[in-house]
Amino acid sequence: MHPPPSAAAMDFSQNSLFGYTEDLQELTIIERPVRRSLKTPEEIERLTVDEDLGDIERAVYLLSAGQDIQGTSVIANLPFLMRQNPAETLRRVLPKVREVLHVAGVEMQLTAAVSFLTILHEESVSIHTYAHSFLQIILLHLEHRDAGVSNAWLETLLSVIEVLPKETLRHEILNPLVSKAQLSQTVQSRLVSCKILGKLTNKFDAHTIKREILPLVKSLCQDVEYEVRSCMCRQLENIAQGIGTDLTKSVVLPELIELSRDEGCSVRLAAFETLVNLLDIFDTDDRSQTILPLVKSFCEKSFKADESILISLSFHLGKLCHGLYGIFTPDQHLRFLEFYKKLCTLGLQQENGHNENQIPPQILEQEKKYTSVRKNCAYNLPAMIVFVDPKNFQLELYSTFFCLCHDPEVPVRYTIAICFYEVSKLLNSGVYLIHKELITLLQDESLEVLDALIDHLPEILELMSTGGESSIQENKLPSLPDLIPALTAAEQRAAASLKWRTHEKLLQKYACLPHIISSDQIYYRFLQRMFTIMMTNKVLPVQKAASRTLCIFLRYNRKQEQRLEVIQKLIEQLGQGKSYWNRLRFLDTCEFIIELFSKSFFCKYFFLPAIELTHDPVANVRMKLCYLLPKVKSTLKIPEDKHLLQQLEMCVRKLLCQEKDKDVLAIVKRTVLELDRMEMSMDAEQLEKEKQQEGRPVNEKTFEKKRKEIKKSKLIRSQSINNQAFHAKYGNLDKCASKTSTAAYTPSASGLAKTSMISLTDDSFRTRNATSLPPSFSPNTPLPSTSRGTGNSVDPKSSGGKDLPPRKATLKSRKSNP
């Protein structure tokens with residue numbers, strides 16, 4: 001459309017007005033479909049149905065007097081009616097369906113075929129009832145003039161044949177088939193007969209097949225129409241599997257030999273594909289004396305035939321060479337190998353660099369077919385490696401493999417990327433030969449190729465790093481220096497694209513790198529990148545994948561300084577991040593830490609920073625933490641972590657007493673119940689030491705008594721917490737504080753009181769961890785996970801201030817009067 005002119009530039013000349021008229025006409029055309037879609041009052045009246053009618057009555061009414069769209073809706077709803085009231089549906093609705101299908105359009109016919117099939121699968125009625133009620137309707141519409149409708153009904157019938165009893169099959173299907181397969185019938189009828197015969201063979205005994213079915217098969221294989229001969233030829237595989245080896249050799253094989261010499265190209269192609277699929281049935285003599293000459297002739301003539309022959313031949317070549325392996329002479333073996341190599345480069349010699357717009361359409365179509373041939377060759381490469389023996393790969397097939405990896409067409413490179421792992425396994429100790437091709441595919445400009453390659457990237461890299469041997473070696477990938485730049489470049493390309501699923505998958509596969517390269521290489525080349533993705537990427541699954549992979553990198557890093565630096569970054573940049581999004585990712589990371597690390601590791605470094613987020617000013621962060629609390633509690637061991645359990649209980653009490661967001665509060669209440677149902681892990685060693693120090697004998701009764709005491713205290717805490725949650729006012733913090741232990745959280749103006757659960761000056765934490773912390777985690781300095789300060793809190797009750805002195809006084813008075 002023309003841009004609207006400004007008021008100062010209005011031109012009312014004839015040319016200008018003509019342009020505006022065109023614009024108005026375009027607008028009119030755009031609006032026409034909208035007007036046509038509106039219903040007139042008369043149409044609405046005709047489509048209106050009495051709401052008081054039941055399902056069956058409504059269905060009968062709509063099929064009798066409704067419009068086509070309403071009838072189609074009823075037929076689509078037929079499975080539901082059969083589930084609800086099968087007897088009435090069969091008695092009243094199905095006869096109406098039979099009537100309307102005689103004059104129904106394509107859409108209603110297709111809907112009916114699908115509904116009948118659904119009823120069969122749902123087994124709403126017995127097979128006998130189904131055959132009595134539905135089978136004749138299906139058979140009646142098999143030869144519908146529309147090919148799509150005919151195929152839909154045929155698919156339904158083939159599914160029905162699977163479950164019908166033999167007698168029903170004989171009388172209702174096989175007997176009428178004798179006349180339907182005659183030359184006097186239509187081509188459509190004979191085509192349908194071919195497919196039904198292929199299905200019936202597995203349902204009858206050999207005598208019946210030989211006497212009643214095979215004569216029909218022979219007749220259709222010699223039909224005057226090449227379409228019928230081709231269709232029947234493709235059913236010979238099913239027939240051969242049903243009649244056994246002897247009848248296959250005496251009846252099916254002669255027909256296949258004759259059809260392989262047929263004048264119709266599609267018939268010869270069907271015969272070739274059927275022979276390849278039946279190779280396992282024939283013995284060595286049949287393969288060498290009958291099938292091999294046919295295959296040789298077919299291959300020799302393929303380049304002179306239609307390209308579709310080459311596409312099929314290239315697809316089946318691997319299976320063919322495998323099936324005939326052992327009967328080739330050295331000369332025949334070499335000829336088939338050269339034939340495969342020729343197919344791998346088919347069409348590449350014609351590359352001339354011309355613009356596609358200058359190439360005739362028929363040439364473009366031919367190039368697409370050549371691309372399909374090379375793609376099939378890439379698919380068959382593993383089979384051809386077996387054909388030549390992996391030991392001869394470098395001499396016989398490496399140059400072909402190189403060409404496929406550098407093919408100008410993406411589908412070819414995509415297929416070779418899918419097969420790369422299979423090739424690596426076959427080469428075993430010779431896997432070093434394809435190092436460069438791995439780098440090439442990792443650096444491929446198409447993300448589709450990269451996506452296909454990384455599906456098995458961990459397994460490929462492991463084979464590369466171990467030289468194909470099963471034992472893991474310490475010299476991790478010394479002979480592949482380009483791997484790390486290729487991996488980082490692949491990740492950056494995926495990150496810069498819109499295909500975030502490929503990026504996510506690649507980050508997940510990076511978790512294998514600790515087994516492949518050194519921890520220093522991971523630390524300097526990948527760790528910081530994982531941090532960057534976690535903090536800057538906008539796609540949540542990608543962030544989570546980076547987080548989990550970073551945790552795995554941390555898990556396998558044995559250098560304490562590097563580990564502590566990563567931990568500190570996680571706490572400071574995520575746990576204390578200014579963005580609530582980063583703090584949410586910190587909780588995700590905590591979940592991965594619990595999954596991948598020991599319980600003591602999480603308690604030592606992440607327990608306190610995690611529960612500190614109960615004071616987060618953003619409700620979503622507090623909510624996510626509440627969901628995580630059961631897993632956090634599962635990391636604790638009693639009595640060793642008793643002080644951490646007290647910290648956790650204080651945080652939960654504080655949430656119950658002070659939480660103002662109704663959604664968070666509801667989750668807190670559910671979490672409290674879940675926490676109370678959890679069984680605490682008992683540190684048996686620690687209990688034994690304590691009891692020995694007290695001079696008491698260690699036995700099972702004492703241990704069980706201790707467990708019961710913990711359960712009892714937990715029940716009391718649960719009742720106390722529930723009472724606070726449902727009966728106490730949120731503002732009454734004194735009542736909550738009076739029920740806490742002496743390690744209660746007492747916020748100060750700076751957010752760091754002596755008894756704060758997030759300070760390393762807490763004696764209960766110092767005795768356990770002071771000796772193992774780095775300088776940045778020294779007992780004299782706050783842990784990086786300490787509170788972000790009171791300035792961020794939106795809750796005045798959790799930010800210290802003027803309510804603080806009275807609370808201290810209350811606590812002291814209650815301590816003195818237990």
# chains A, B, ... in the order shown; residues from 1 in each chain; ligands from 1

$ select_by_dssp --residues "segment 549-639 of chain A" --states "alpha helix (DSSP H)" --output "ChimeraX atom specification"
/A:549-556,560-569,580-596,599-605,607-611,619-634

$ residues_around --residues "Val149 of chain A" --least-positions-apart "4" --cutoff "12 Å" --atoms "only C-alpha atoms" --output "short mmCIF file (atom, residue, chain, number, x, y, z; two decimals) with C-alpha atoms, in the first residue's frame"
data_model
loop_
_atom_site.label_atom_id
_atom_site.label_comp_id
_atom_site.auth_asym_id
_atom_site.auth_seq_id
_atom_site.Cartn_x
_atom_site.Cartn_y
_atom_site.Cartn_z
CA LEU A 101 -22.65 -41.25 4.69
CA ALA A 104 -21.67 -37.15 2.72
CA GLY A 105 -18.80 -34.96 1.63
CA VAL A 106 -15.10 -35.66 2.05
CA GLU A 107 -14.79 -34.11 5.51
CA MET A 108 -17.62 -36.17 6.98
CA GLN A 109 -16.30 -39.36 5.39
CA LEU A 110 -12.81 -38.83 6.83
CA THR A 111 -14.29 -38.05 10.24
CA ALA A 112 -16.37 -41.25 10.15
CA ALA A 113 -13.33 -43.39 9.27
CA VAL A 114 -11.39 -41.97 12.22
CA ILE A 138 -16.53 -49.74 6.22
CA LEU A 140 -19.24 -50.09 1.52
CA HIS A 141 -17.01 -46.99 1.31
CA LEU A 142 -13.68 -48.66 0.45
CA GLU A 143 -13.97 -47.67 -3.22
CA HIS A 144 -14.94 -44.07 -2.68
CA ARG A 145 -14.14 -41.87 -5.66
CA TRP A 153 -11.48 -46.39 5.14
CA LEU A 154 -8.85 -48.91 4.02
CA GLU A 155 -6.63 -48.10 7.01
CA THR A 156 -9.61 -48.62 9.29
#

$ closest_residue --among "A:Gln222, A:Ser497, A:Thr208, A:Asn620" --to "Glu255 of chain A" --atoms "only C-alpha atoms"
A:Gln222

$ closest_residue --among "A:Cys603, A:Ser446, A:Val74, A:Val60" --to "Arg92 of chain A" --atoms "only C-alpha atoms"
A:Val60

$ residues_around --residues "His132 of chain A" --least-positions-apart "4" --cutoff "12 Å" --atoms "only C-alpha atoms" --output "ChimeraX atom specification"
/A:90,94,125-128,136-138,164,168,172

$ write_last_selection --atoms "all heavy atoms" --output "mmCIF file, in the first residue's frame"
data_model
loop_
_atom_site.group_PDB
_atom_site.id
_atom_site.type_symbol
_atom_site.label_atom_id
_atom_site.label_comp_id
_atom_site.auth_asym_id
_atom_site.auth_seq_id
_atom_site.Cartn_x
_atom_site.Cartn_y
_atom_site.Cartn_z
ATOM 1 N N LEU A 90 -26.063 -47.630 19.022
ATOM 2 C CA LEU A 90 -26.147 -48.603 17.929
ATOM 3 C C LEU A 90 -27.558 -48.701 17.368
ATOM 4 O O LEU A 90 -27.745 -48.892 16.164
ATOM 5 C CB LEU A 90 -25.680 -49.983 18.416
ATOM 6 C CG LEU A 90 -24.199 -50.111 18.780
ATOM 7 C CD1 LEU A 90 -23.898 -51.491 19.334
ATOM 8 C CD2 LEU A 90 -23.308 -49.831 17.580
ATOM 9 N N LEU A 94 -26.485 -44.987 14.874
ATOM 10 C CA LEU A 94 -25.713 -45.595 13.787
ATOM 11 C C LEU A 94 -26.514 -45.738 12.491
ATOM 12 O O LEU A 94 -25.959 -45.503 11.408
ATOM 13 C CB LEU A 94 -25.151 -46.941 14.244
ATOM 14 C CG LEU A 94 -24.040 -47.514 13.357
ATOM 15 C CD1 LEU A 94 -22.859 -46.567 13.277
ATOM 16 C CD2 LEU A 94 -23.584 -48.879 13.872
ATOM 17 N N VAL A 125 -17.401 -51.937 22.418
ATOM 18 C CA VAL A 125 -18.290 -53.093 22.259
ATOM 19 C C VAL A 125 -17.441 -54.307 21.925
ATOM 20 O O VAL A 125 -16.249 -54.196 21.615
ATOM 21 C CB VAL A 125 -19.334 -52.850 21.145
ATOM 22 C CG1 VAL A 125 -20.313 -51.773 21.541
ATOM 23 C CG2 VAL A 125 -18.646 -52.483 19.824
ATOM 24 N N SER A 126 -18.041 -55.463 21.977
ATOM 25 C CA SER A 126 -17.324 -56.695 21.636
ATOM 26 C C SER A 126 -16.989 -56.715 20.142
ATOM 27 O O SER A 126 -17.608 -56.007 19.340
ATOM 28 C CB SER A 126 -18.165 -57.907 22.010
ATOM 29 O OG SER A 126 -19.325 -57.962 21.192
ATOM 30 N N ILE A 127 -16.018 -57.548 19.772
ATOM 31 C CA ILE A 127 -15.615 -57.670 18.366
ATOM 32 C C ILE A 127 -16.782 -58.175 17.518
ATOM 33 O O ILE A 127 -16.997 -57.719 16.390
ATOM 34 C CB ILE A 127 -14.400 -58.605 18.239
ATOM 35 C CG1 ILE A 127 -13.172 -57.977 18.925
ATOM 36 C CG2 ILE A 127 -14.097 -58.894 16.779
ATOM 37 C CD1 ILE A 127 -12.774 -56.636 18.361
ATOM 38 N N HIS A 128 -17.556 -59.101 18.070
ATOM 39 C CA HIS A 128 -18.714 -59.622 17.321
ATOM 40 C C HIS A 128 -19.720 -58.502 17.027
ATOM 41 O O HIS A 128 -20.205 -58.364 15.891
ATOM 42 C CB HIS A 128 -19.387 -60.740 18.129
ATOM 43 C CG HIS A 128 -20.646 -61.246 17.498
ATOM 44 N ND1 HIS A 128 -20.642 -62.086 16.390
ATOM 45 C CD2 HIS A 128 -21.961 -61.017 17.794
ATOM 46 C CE1 HIS A 128 -21.883 -62.347 16.045
ATOM 47 N NE2 HIS A 128 -22.717 -61.723 16.880
ATOM 48 N N GLN A 136 -19.837 -53.626 7.647
ATOM 49 C CA GLN A 136 -20.456 -53.413 6.340
ATOM 50 C C GLN A 136 -20.367 -51.956 5.893
ATOM 51 O O GLN A 136 -20.203 -51.674 4.704
ATOM 52 C CB GLN A 136 -21.921 -53.876 6.374
ATOM 53 C CG GLN A 136 -22.086 -55.385 6.420
ATOM 54 C CD GLN A 136 -21.398 -56.066 5.243
ATOM 55 O OE1 GLN A 136 -21.463 -55.583 4.103
ATOM 56 N NE2 GLN A 136 -20.718 -57.162 5.519
ATOM 57 N N ILE A 137 -20.475 -51.034 6.846
ATOM 58 C CA ILE A 137 -20.335 -49.618 6.489
ATOM 59 C C ILE A 137 -18.922 -49.344 5.978
ATOM 60 O O ILE A 137 -18.724 -48.615 4.991
ATOM 61 C CB ILE A 137 -20.648 -48.724 7.712
ATOM 62 C CG1 ILE A 137 -22.064 -49.007 8.231
ATOM 63 C CG2 ILE A 137 -20.503 -47.247 7.355
ATOM 64 C CD1 ILE A 137 -22.421 -48.221 9.485
ATOM 65 N N ILE A 138 -17.928 -49.933 6.638
ATOM 66 C CA ILE A 138 -16.530 -49.740 6.217
ATOM 67 C C ILE A 138 -16.325 -50.301 4.817
ATOM 68 O O ILE A 138 -15.748 -49.638 3.934
ATOM 69 C CB ILE A 138 -15.577 -50.416 7.228
ATOM 70 C CG1 ILE A 138 -15.687 -49.744 8.601
ATOM 71 C CG2 ILE A 138 -14.142 -50.355 6.725
ATOM 72 C CD1 ILE A 138 -14.943 -50.474 9.707
ATOM 73 N N LEU A 164 -10.460 -59.440 13.903
ATOM 74 C CA LEU A 164 -11.651 -60.224 13.532
ATOM 75 C C LEU A 164 -11.355 -61.720 13.578
ATOM 76 O O LEU A 164 -10.248 -62.154 13.228
ATOM 77 C CB LEU A 164 -12.125 -59.836 12.130
ATOM 78 C CG LEU A 164 -12.810 -58.473 11.974
ATOM 79 C CD1 LEU A 164 -13.163 -58.236 10.511
ATOM 80 C CD2 LEU A 164 -14.045 -58.367 12.854
ATOM 81 N N THR A 168 -15.325 -64.808 10.333
ATOM 82 C CA THR A 168 -15.819 -63.510 9.853
ATOM 83 C C THR A 168 -14.956 -63.018 8.697
ATOM 84 O O THR A 168 -15.468 -62.492 7.696
ATOM 85 C CB THR A 168 -15.812 -62.480 10.997
ATOM 86 O OG1 THR A 168 -16.578 -62.992 12.089
ATOM 87 C CG2 THR A 168 -16.396 -61.158 10.542
ATOM 88 N N GLU A 172 -16.860 -62.416 5.236
ATOM 89 C CA GLU A 172 -17.112 -60.996 4.981
ATOM 90 C C GLU A 172 -16.054 -60.333 4.104
ATOM 91 O O GLU A 172 -16.337 -59.329 3.451
ATOM 92 C CB GLU A 172 -17.211 -60.232 6.315
ATOM 93 C CG GLU A 172 -18.310 -60.721 7.243
ATOM 94 C CD GLU A 172 -19.695 -60.434 6.686
ATOM 95 O OE1 GLU A 172 -19.826 -59.581 5.783
ATOM 96 O OE2 GLU A 172 -20.672 -61.075 7.141
#

$ residues_around --residues "Arg525 of chain A" --least-positions-apart "4" --cutoff "8 Å" --atoms "only C-alpha atoms" --output "PyMOL selection string"
chain A and resi 484+488+521+529

$ closest_residue --among "A:Ala486, A:Ile434, A:Ile173, A:Ala452" --to "Ala417 of chain A" --atoms "only C-alpha atoms"
A:Ala452

$ residues_around --residues "segment 505-516 of chain A" --least-positions-apart "4" --cutoff "7 Å" --atoms "only C-alpha atoms" --output "JSON, numbers by chain"
{"A": [454, 457, 458, 461, 462, 465, 476, 477, 491, 501, 545, 546, 549, 552, 553, 556]}

$ closest_residue --among "A:Ala206, A:Leu540, A:Val160, A:Leu275" --to "Leu247 of chain A" --atoms "only C-alpha atoms"
A:Ala206

$ residues_around --residues "His316 of chain A" --least-positions-apart "2" --cutoff "12 Å" --atoms "only C-alpha atoms" --output "ChimeraX atom specification"
/A:269,272-277,279,295,299,309-314,318-323,340,373,376-381,383-384

$ write_last_selection --atoms "N, CA and C atoms" --output "short mmCIF file (atom, residue, chain, number, x, y, z; two decimals), in the first residue's frame"
data_model
loop_
_atom_site.label_atom_id
_atom_site.label_comp_id
_atom_site.auth_asym_id
_atom_site.auth_seq_id
_atom_site.Cartn_x
_atom_site.Cartn_y
_atom_site.Cartn_z
N LEU A 269 11.42 -51.13 -9.28
CA LEU A 269 11.87 -50.57 -7.99
C LEU A 269 11.22 -51.31 -6.83
N PHE A 272 12.91 -54.71 -6.49
CA PHE A 272 14.24 -54.60 -5.90
C PHE A 272 14.15 -54.41 -4.38
N GLU A 273 13.31 -53.50 -3.91
CA GLU A 273 13.19 -53.24 -2.48
C GLU A 273 12.65 -54.45 -1.73
N THR A 274 11.72 -55.17 -2.33
CA THR A 274 11.18 -56.37 -1.69
C THR A 274 12.24 -57.46 -1.60
N LEU A 275 13.04 -57.63 -2.65
CA LEU A 275 14.13 -58.61 -2.61
C LEU A 275 15.12 -58.30 -1.49
N VAL A 276 15.48 -57.02 -1.36
CA VAL A 276 16.43 -56.63 -0.31
C VAL A 276 15.85 -56.94 1.06
N ASN A 277 14.57 -56.66 1.26
CA ASN A 277 13.95 -56.89 2.57
C ASN A 277 13.76 -58.37 2.88
N LEU A 279 16.05 -60.76 2.01
CA LEU A 279 17.33 -61.46 1.88
C LEU A 279 17.53 -62.50 2.96
N VAL A 295 20.61 -58.03 -8.70
CA VAL A 295 21.06 -56.79 -8.06
C VAL A 295 22.14 -56.13 -8.91
N CYS A 299 21.87 -52.37 -10.46
CA CYS A 299 22.83 -51.29 -10.19
C CYS A 299 23.44 -50.73 -11.47
N ILE A 309 15.21 -44.19 -8.83
CA ILE A 309 15.84 -45.49 -8.69
C ILE A 309 17.13 -45.34 -7.88
N LEU A 310 17.90 -44.30 -8.16
CA LEU A 310 19.15 -44.07 -7.44
C LEU A 310 18.89 -43.76 -5.97
N ILE A 311 17.81 -43.01 -5.70
CA ILE A 311 17.48 -42.69 -4.31
C ILE A 311 17.19 -43.96 -3.53
N SER A 312 16.38 -44.84 -4.11
CA SER A 312 16.05 -46.09 -3.43
C SER A 312 17.28 -46.99 -3.29
N LEU A 313 18.07 -47.07 -4.34
CA LEU A 313 19.26 -47.92 -4.31
C LEU A 313 20.25 -47.44 -3.26
N SER A 314 20.47 -46.13 -3.18
CA SER A 314 21.41 -45.59 -2.19
C SER A 314 20.91 -45.83 -0.77
N GLY A 318 23.40 -50.26 1.96
CA GLY A 318 24.05 -50.82 3.14
C GLY A 318 23.44 -52.16 3.54
N LYS A 319 22.11 -52.23 3.56
CA LYS A 319 21.42 -53.48 3.90
C LYS A 319 21.71 -54.55 2.86
N LEU A 320 21.82 -54.15 1.60
CA LEU A 320 22.09 -55.09 0.52
C LEU A 320 23.49 -55.70 0.67
N CYS A 321 24.47 -54.83 0.90
CA CYS A 321 25.85 -55.33 1.04
C CYS A 321 25.99 -56.22 2.28
N HIS A 322 25.27 -55.88 3.33
CA HIS A 322 25.32 -56.71 4.54
C HIS A 322 24.66 -58.07 4.28
N GLY A 323 23.53 -58.08 3.57
CA GLY A 323 22.83 -59.33 3.31
C GLY A 323 23.57 -60.25 2.36
N TYR A 340 29.37 -47.44 -4.46
CA TYR A 340 28.98 -46.62 -3.30
C TYR A 340 29.74 -45.29 -3.31
N VAL A 373 20.39 -38.67 -2.62
CA VAL A 373 21.26 -39.84 -2.80
C VAL A 373 22.46 -39.76 -1.86
N ASN A 376 21.48 -40.43 1.72
CA ASN A 376 21.32 -41.86 1.97
C ASN A 376 22.66 -42.56 2.09
N CYS A 377 23.64 -42.11 1.32
CA CYS A 377 24.99 -42.68 1.42
C CYS A 377 25.59 -42.39 2.80
N ALA A 378 25.36 -41.19 3.31
CA ALA A 378 25.85 -40.86 4.66
C ALA A 378 25.17 -41.75 5.69
N TYR A 379 23.89 -42.01 5.50
CA TYR A 379 23.15 -42.89 6.41
C TYR A 379 23.74 -44.30 6.41
N ASN A 380 24.20 -44.77 5.26
CA ASN A 380 24.71 -46.13 5.13
C ASN A 380 26.21 -46.26 5.39
N LEU A 381 26.87 -45.18 5.76
CA LEU A 381 28.32 -45.25 5.97
C LEU A 381 28.72 -46.28 7.03
N ALA A 383 27.38 -49.10 7.81
CA ALA A 383 27.26 -50.43 7.20
C ALA A 383 28.39 -50.68 6.20
N MET A 384 28.78 -49.64 5.48
CA MET A 384 29.86 -49.81 4.51
C MET A 384 31.22 -49.95 5.19
#

$ residues_around --residues "Gly575 of chain A" --least-positions-apart "6" --cutoff "9 Å" --atoms "only C-alpha atoms" --output "tab-separated table (two decimals) with N, CA and C atoms, in the first residue's frame"
chain	number	residue	atom	x	y	z
A	569	LYS	N	31.71	-17.00	44.64
A	569	LYS	CA	31.02	-16.31	43.54
A	569	LYS	C	29.54	-16.66	43.51
A	582	ASN	N	18.56	-13.50	39.83
A	582	ASN	CA	19.80	-14.18	40.21
A	582	ASN	C	19.61	-14.97	41.50
A	583	ARG	N	18.85	-14.41	42.42
A	583	ARG	CA	18.63	-15.12	43.68
A	583	ARG	C	17.78	-16.37	43.47
A	584	LEU	N	16.85	-16.31	42.53
A	584	LEU	CA	16.10	-17.52	42.16
A	584	LEU	C	17.02	-18.58	41.58
A	585	ARG	N	17.98	-18.15	40.73
A	585	ARG	CA	18.91	-19.10	40.16
A	585	ARG	C	19.84	-19.67	41.23
A	586	PHE	N	20.10	-18.91	42.28
A	586	PHE	CA	20.90	-19.43	43.38
A	586	PHE	C	20.17	-20.60	44.04
A	587	LEU	N	18.88	-20.48	44.19
A	587	LEU	CA	18.11	-21.58	44.78
A	587	LEU	C	18.10	-22.80	43.86
A	609	PRO	N	23.42	-19.55	53.66
A	609	PRO	CA	23.04	-18.60	52.60
A	609	PRO	C	21.66	-18.89	52.00
A	610	ALA	N	21.29	-20.17	51.96
A	610	ALA	CA	19.98	-20.52	51.39
A	610	ALA	C	18.85	-20.07	52.31
A	613	LEU	N	17.53	-16.46	52.63
A	613	LEU	CA	16.58	-15.89	51.67
A	613	LEU	C	15.14	-15.92	52.18
A	784	PRO	N	29.96	-14.69	52.82
A	784	PRO	CA	29.37	-13.95	51.71
A	784	PRO	C	27.87	-14.12	51.59
A	785	SER	N	27.31	-15.07	52.31
A	785	SER	CA	25.87	-15.29	52.21
A	785	SER	C	25.08	-14.51	53.24

$ closest_residue --among "A:Leu177, A:Leu447, A:Leu169, A:Val97" --to "Phe134 of chain A" --atoms "only C-alpha atoms"
A:Val97

$ select_by_dssp --residues "segment 501-725 of chain A" --states "strand (DSSP E or B)" --output "JSON, numbers by chain"
{"A": [637, 638, 681, 682]}

$ write_last_selection --atoms "C-alpha atoms" --output "compact mmCIF listing (two decimals), in the first residue's frame"
# COMPACT_ATOMS: atom_id res chain seq x y z
CA LYS A 637 22.06 -35.06 60.54
CA ILE A 638 21.18 -35.23 64.22
CA SER A 681 18.87 -38.65 59.57
CA MET A 682 20.54 -39.97 62.71

$ closest_residue --among "A:Lys296, A:Thr671, A:Ile359, A:Arg98" --to "Tyr627 of chain A" --atoms "only C-alpha atoms"
A:Thr671

$ decode --residues "segment 176-191 of chain A" --atoms "N, CA and C atoms" --output "PDB file, in the first residue's frame"
ATOM      1  N   PRO A 176     -15.666 -62.212  -0.815  1.00  0.00           N
ATOM      2  CA  PRO A 176     -15.946 -61.138  -1.783  1.00  0.00           C
ATOM      3  C   PRO A 176     -14.701 -60.673  -2.516  1.00  0.00           C
ATOM      4  N   LEU A 177     -13.516 -60.923  -1.924  1.00  0.00           N
ATOM      5  CA  LEU A 177     -12.281 -60.435  -2.533  1.00  0.00           C
ATOM      6  C   LEU A 177     -11.994 -61.140  -3.856  1.00  0.00           C
ATOM      7  N   VAL A 178     -12.473 -62.362  -4.022  1.00  0.00           N
ATOM      8  CA  VAL A 178     -12.244 -63.116  -5.257  1.00  0.00           C
ATOM      9  C   VAL A 178     -12.801 -62.365  -6.457  1.00  0.00           C
ATOM     10  N   SER A 179     -13.977 -61.782  -6.285  1.00  0.00           N
ATOM     11  CA  SER A 179     -14.575 -61.040  -7.394  1.00  0.00           C
ATOM     12  C   SER A 179     -13.994 -59.628  -7.492  1.00  0.00           C
ATOM     13  N   LYS A 180     -13.628 -59.044  -6.370  1.00  0.00           N
ATOM     14  CA  LYS A 180     -13.098 -57.674  -6.381  1.00  0.00           C
ATOM     15  C   LYS A 180     -11.725 -57.596  -7.044  1.00  0.00           C
ATOM     16  N   ALA A 181     -10.988 -58.724  -7.088  1.00  0.00           N
ATOM     17  CA  ALA A 181      -9.636 -58.719  -7.648  1.00  0.00           C
ATOM     18  C   ALA A 181      -9.608 -59.044  -9.139  1.00  0.00           C
ATOM     19  N   GLN A 182     -10.763 -59.249  -9.746  1.00  0.00           N
ATOM     20  CA  GLN A 182     -10.808 -59.610 -11.168  1.00  0.00           C
ATOM     21  C   GLN A 182     -10.501 -58.394 -12.042  1.00  0.00           C
ATOM     22  N   LEU A 183     -10.035 -58.683 -13.273  1.00  0.00           N
ATOM     23  CA  LEU A 183      -9.703 -57.614 -14.214  1.00  0.00           C
ATOM     24  C   LEU A 183     -10.919 -56.772 -14.582  1.00  0.00           C
ATOM     25  N   SER A 184     -12.093 -57.365 -14.457  1.00  0.00           N
ATOM     26  CA  SER A 184     -13.312 -56.624 -14.818  1.00  0.00           C
ATOM     27  C   SER A 184     -13.620 -55.508 -13.822  1.00  0.00           C
ATOM     28  N   GLN A 185     -12.988 -55.542 -12.631  1.00  0.00           N
ATOM     29  CA  GLN A 185     -13.214 -54.516 -11.624  1.00  0.00           C
ATOM     30  C   GLN A 185     -12.333 -53.291 -11.912  1.00  0.00           C
ATOM     31  N   THR A 186     -12.628 -52.203 -11.219  1.00  0.00           N
ATOM     32  CA  THR A 186     -11.869 -50.964 -11.422  1.00  0.00           C
ATOM     33  C   THR A 186     -10.449 -51.108 -10.860  1.00  0.00           C
ATOM     34  N   VAL A 187      -9.586 -50.244 -11.333  1.00  0.00           N
ATOM     35  CA  VAL A 187      -8.207 -50.241 -10.821  1.00  0.00           C
ATOM     36  C   VAL A 187      -8.192 -49.993  -9.319  1.00  0.00           C
ATOM     37  N   GLN A 188      -9.049 -49.064  -8.868  1.00  0.00           N
ATOM     38  CA  GLN A 188      -9.128 -48.758  -7.439  1.00  0.00           C
ATOM     39  C   GLN A 188      -9.502 -50.004  -6.638  1.00  0.00           C
ATOM     40  N   SER A 189     -10.443 -50.787  -7.151  1.00  0.00           N
ATOM     41  CA  SER A 189     -10.863 -52.011  -6.470  1.00  0.00           C
ATOM     42  C   SER A 189      -9.718 -53.019  -6.389  1.00  0.00           C
ATOM     43  N   ARG A 190      -8.954 -53.151  -7.472  1.00  0.00           N
ATOM     44  CA  ARG A 190      -7.851 -54.111  -7.478  1.00  0.00           C
ATOM     45  C   ARG A 190      -6.704 -53.659  -6.567  1.00  0.00           C
ATOM     46  N   LEU A 191      -6.485 -52.347  -6.501  1.00  0.00           N
ATOM     47  CA  LEU A 191      -5.449 -51.829  -5.584  1.00  0.00           C
ATOM     48  C   LEU A 191      -5.813 -52.116  -4.124  1.00  0.00           C
TER      49      LEU A 191
END
